[in-house]
Structures are given as structure tokens and as C-alpha cells.
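**Q** What follows is a structure written as C-alpha cells; I'll ask about it next.
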Amino acid sequence: MTAPPRVLLIVLAGAIGLTVAGGGFLLFRSSPEPPTVPAEAPPPVAEPAPVVEAPEPGASEPANPPASAARAPARPVPEPAPSEPAPTTGTLIIESDVPGTIVFVDRVSFGTAPATAANLTPGPHQVTMSAPGYEMMSETVDVEPGTRTLAIAFKEISLDASLAVVHKHGIGSCRGNLRASPDGIHYDTSNDNDSFTVALADIDLFDVDYLAGNLRIRAQGRTFNFGDPDGNADRLFAFHQAVEKVRGRIAN
């Protein structure tokens with residue numbers, strides 16, 4: 001018996017559907033898998049730079065910072081130089097303000113100043129000096145170990161003389177006082193017309209007549225004659241010598 005046409009159509013349609021489904025399944029299985037794309041590696045992370053602390057204001061950076069791995073060897077400490085022994089004798093350097101001054105120490109000549117007297121034993125020593133136009137000077141010097149400078153001033157002026165006198169006028173006289181200093185000779189009297197002051201360098205004549213007991217001074221065109229109230233010529237002579245000694249030093 002023959003199946004109805006409708007049934008055949010249904011069967012035929014089912015067969016076709018199965019065929020299409022099977023072919024699609026096979027087609028899907030046979031298609032190649034997509035290539036696997038490797039994952040990108042993460043970018044490297046930069047390490048933070050070391051933090052350097054800024055130096056404080058006014059502080060100086062070390063020229064050669066010490067190495068962290070090893071230290072420089074310590075330098076040897078130099079031994080101190082041996083000290084010189086202390087002097088046991090003394091040395092005198094003798095100077096003078098007058099050229100050609102001759103120097104003696106303990107009566108031994110050391111030439112002219114400036115002179116050096118070395119190897120003197122500690123203790124007192126006699127220093128004697130003489131200069132042309134000046135009196136000899138001598139003094140005791142206490143010498144100690146080491147060097148010492150001794151300066152002698154021959155030109156140093158020291159004058160302080162005073163004398164009571166009678167001023168002899170052409171007619172009559174008056175009494176007063178003569179004073180001598182480095183500034184000059186001063187005559188002080190109650191008679192103002194007779195008082196005067198004259199510099200030592202301005203004195204033209206200055207002499208003494210011992211037998212007559214008269215001391216004469218001439219300066220600035222005037223002449224003055226003085227005597228001792230008691231007639232003692234020795235006082236006039238001593239005053240004259242003290243002044244002349246200083247006048248000689250000024251002249252040199």
C-alpha cells in the first residue's frame with residue numbers, strides 16, 4: 001500500500017534537516033581554532049632614585065667622602081722635633097746714639113757700638129762706654145741667660161742747677177737766683193727789669209773768673225756779671241761746670 005504523499009514530504013523534509021545539521025556540525029569541528037595572542041609583559045617599574053639630603057647652610061661638603069666598603073689607612077703621627085736646650089749664657093747687644101762709641105765689658109774691648117758681647121756668664125758685668133766729646137759712662141748690668149739689648153743715650157740732657165747770686169750793675173747791684181735747665185738759664189729777681197731767660201744755644205759767652213769771683217754771661221747783645229753773696233767762688237765754678245757740660249752735648 002502506498003503512503004500518502006503528505007507523509008512522504010514530512011519524512012523527506014526531516015531527512016534533509018538531519019543532513020544539513022550534520023554537515024554544519026562537521027564544518028564547525030573542522031574549522032581551525034584562532035591563534036593564541038601572548039599577553040603583553042607589564043612595563044618595568046623604575047626604582048626610586050636615592051634621596052640625597054641637602055647640606056645645612058654654612059656647612060662644607062667633604063672633599064673626599066669616605067668609601068662605604070673600606071676605610072683609608074690612618075696616617076702615622078709625626079714625632080715632635082726635639083726642642084733646643086735653654087741657653088746657659090747671656091748676650092748683650094750694646095747700642096749708642098753717638099757714632100764711634102767705644103764699648104768695654106769687664107775691661108775687655110768689644111769695638112764700637114753697636115757691639116755684641118756674647119757668652120757672658122749670668123750675673124753682674126761692668127759695661128763702660130766712651131764717646132768723643134762726652135764723659136765716659138759706666139754702669140753695672142745684671143746679665144741673664146738669653147739675649148738683651150742695652151741702649152745708651154749720651155745725648156740725653158739732664159740739667160737742674162740753682163745758685164743764689166748778686167747781679168752786679170754798672171752802678172749798684174741786686175740779688176736774685178740763677179736757674180739752669182735744658183731750656184736755658186733763668187735769672188729771677190724782684191727787680192723785673194733785670195729778670196731774663198736765655199736758651200743755652202743762644203749764649204755767646206759763658207765763663208767764670210775764679211779768683212775774681214765773677215760769673216759772666218753774654219747773650220742777645222747784653223753782658224751780665226754775677227757773684228756769690230758770701231764770696232764763695234766754688235759755687236760759681238760748680239754752676240758753670242754743670243751748664244758747660246750740657247752746652248757741650250748740645251753743640252755735638
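Residue names in the C-alpha cells use chain letters A, B, ... in the order shown, residue numbers from 1 in each chain, and ligand numbers from 1 in the order shown.
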According to DSSP computed on the backbone, where in stretch 53-223 of chain A is there strand (DSSP E)? Give the residues as a PyMOL selection string.
**A** chain A and resi 90-96+102-105+108-112+115-120+123-130+137-143+146-152+161-168+173-181+184-189+196-198+203-209+214-219+222-223
**Q** Find the residues around A:Ile152 up to 8 Å (only C-alpha atoms counted), leave out those fewer than 6 positions away in its own chain, and share them as a VMD selection string.
**A** chain A and resid 94 to 97
**Q** Just the selected residues (C-alpha atoms), exported as a PDB file, in the first residue's frame, please.
**A**
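Output file again_36.pdb follows:
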ATOM      1  CA  ILE A  94     125.047  97.369  73.161  1.00  0.00           C
ATOM      2  CA  GLU A  95     123.852 100.416  71.200  1.00  0.00           C
ATOM      3  CA  SER A  96     124.633 104.148  71.429  1.00  0.00           C
ATOM      4  CA  ASP A  97     123.177 107.342  69.991  1.00  0.00           C
TER       5      ASP A  97
END
**Q** Interatomic distance between atom CA of A:His240 and atom CA of A:Ser158?
**A** 14.8 Å
**Q** What's the 12 Å shell around A:Arg235, counting only C-alpha atoms, without same-chain residues fewer than 6 positions away, as a compact mmCIF listing (two decimals) with N, CA and C atoms, in the first residue's frame?
**A**
# COMPACT_ATOMS: atom_id res chain seq x y z
N ALA A 161 120.23 122.97 87.94
CA ALA A 161 121.17 123.66 88.83
C ALA A 161 120.58 124.99 89.27
N SER A 162 120.87 125.36 90.49
CA SER A 162 120.34 126.61 91.03
C SER A 162 121.43 127.27 91.89
N LEU A 163 121.46 128.59 91.86
CA LEU A 163 122.51 129.31 92.58
C LEU A 163 122.01 130.70 92.98
N ALA A 164 122.16 131.03 94.25
CA ALA A 164 121.85 132.39 94.73
C ALA A 164 123.01 133.31 94.34
N VAL A 165 122.70 134.44 93.74
CA VAL A 165 123.74 135.33 93.20
C VAL A 165 123.42 136.78 93.49
N LEU A 178 119.87 132.31 90.06
CA LEU A 178 120.11 131.75 88.73
C LEU A 178 119.66 130.29 88.71
N VAL A 208 133.81 131.82 83.87
CA VAL A 208 133.92 132.13 85.29
C VAL A 208 135.36 132.54 85.59
N ASP A 209 135.51 133.62 86.34
CA ASP A 209 136.81 134.07 86.85
C ASP A 209 136.85 133.68 88.32
N TYR A 210 137.56 132.57 88.58
CA TYR A 210 137.53 132.01 89.92
C TYR A 210 138.16 132.97 90.93
N GLY A 213 135.98 135.87 91.47
CA GLY A 213 134.65 135.52 91.97
C GLY A 213 133.56 136.09 91.10
N ASN A 214 133.73 135.93 89.76
CA ASN A 214 132.76 136.54 88.84
C ASN A 214 132.33 135.51 87.77
N LEU A 215 131.03 135.39 87.59
CA LEU A 215 130.45 134.53 86.54
C LEU A 215 129.83 135.45 85.49
N PHE A 226 127.77 138.09 87.61
CA PHE A 226 127.18 137.59 88.85
C PHE A 226 128.29 137.19 89.82
N GLY A 227 128.02 137.40 91.09
CA GLY A 227 128.91 136.97 92.15
C GLY A 227 128.14 136.21 93.21
N ASP A 228 128.88 135.55 94.09
CA ASP A 228 128.25 134.82 95.20
C ASP A 228 128.03 135.77 96.36
N PRO A 229 126.86 135.72 97.00
CA PRO A 229 126.62 136.65 98.12
C PRO A 229 127.62 136.51 99.25
N GLN A 241 130.38 124.68 85.58
CA GLN A 241 130.73 123.37 85.03
C GLN A 241 129.49 122.56 84.66
N ALA A 242 128.45 122.61 85.48
CA ALA A 242 127.21 121.86 85.18
C ALA A 242 126.57 122.36 83.89
**Q** Find the residue from A:Gly100, A:Gly90, A:Pro132, A:Gly184 that sits nearest to A:Asp202; use only C-alpha atoms when measuring.
**A**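 Among the listed residues, A:Gly184 lies closest to A:Asp202.
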**Q** As an mmCIF file with N, CA and C atoms, in the first residue's frame, please: the residues near A:Asp192 (cut-off 12 Å, only C-alpha atoms, same-chain neighbours under 5 positions excluded).
**A**
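Result file is selection.cif:
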data_model
loop_
_atom_site.group_PDB
_atom_site.id
_atom_site.type_symbol
_atom_site.label_atom_id
_atom_site.label_comp_id
_atom_site.auth_asym_id
_atom_site.auth_seq_id
_atom_site.Cartn_x
_atom_site.Cartn_y
_atom_site.Cartn_z
ATOM 1 N N CYS A 174 121.779 143.993 92.533
ATOM 2 C CA CYS A 174 120.536 143.405 93.046
ATOM 3 C C CYS A 174 120.751 141.910 93.265
ATOM 4 N N ARG A 175 119.944 141.356 94.115
ATOM 5 C CA ARG A 175 120.073 139.919 94.420
ATOM 6 C C ARG A 175 118.943 139.142 93.743
ATOM 7 N N GLY A 176 119.307 137.914 93.438
ATOM 8 C CA GLY A 176 118.315 137.044 92.801
ATOM 9 C C GLY A 176 118.800 135.596 92.786
ATOM 10 N N TYR A 187 117.161 134.001 85.173
ATOM 11 C CA TYR A 187 117.517 134.837 86.327
ATOM 12 C C TYR A 187 116.236 135.430 86.891
ATOM 13 N N THR A 197 115.587 135.350 80.578
ATOM 14 C CA THR A 197 115.701 133.930 80.229
ATOM 15 C C THR A 197 116.391 133.838 78.895
#
**Q** Applying 12 Å and only C-alpha atoms, which residues near A:Phe104 remain after dropping the ones on its own chain fewer than 6 positions away? List them as a count of residues only.
**A** 22
**Q** Tell me, as a PyMOL selection string, which residues lie within 12 Å of A:Arg218, counting only C-alpha atoms; anything in the same chain fewer than 6 positions away does not count.
**A** chain A and resi 185+196-208+224-226
**Q** Go through A:Arg107, A:Lys155, A:Arg148, A:Lys245 and flag the residue nearest A:Pro122, using only C-alpha atoms for the distances.
**A**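 Among A:Arg107, A:Lys155, A:Arg148, A:Lys245, it is A:Arg148 that comes nearest to A:Pro122.
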**Q** How far is it from atom CA of A:Ala238 to atom CA of A:Ser190, in Å with one decimal?
**A** 24.7 Å
**Q** Kindly indicate which residue among A:Asn232, A:Thr121, A:Phe154, A:Thr88 lies nearest to A:Asp142, using only C-alpha atoms for the distances.
**A**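 That would be A:Thr121, the residue with the smallest distance to A:Asp142.
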**Q** Report, in Å with one decimal, the straight-line distance from atom CA of A:Ile217 to atom CA of A:Ile157.
**A**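 Spanning atom CA of A:Ile217 to atom CA of A:Ile157 is a straight-line distance of 20.7 Å.
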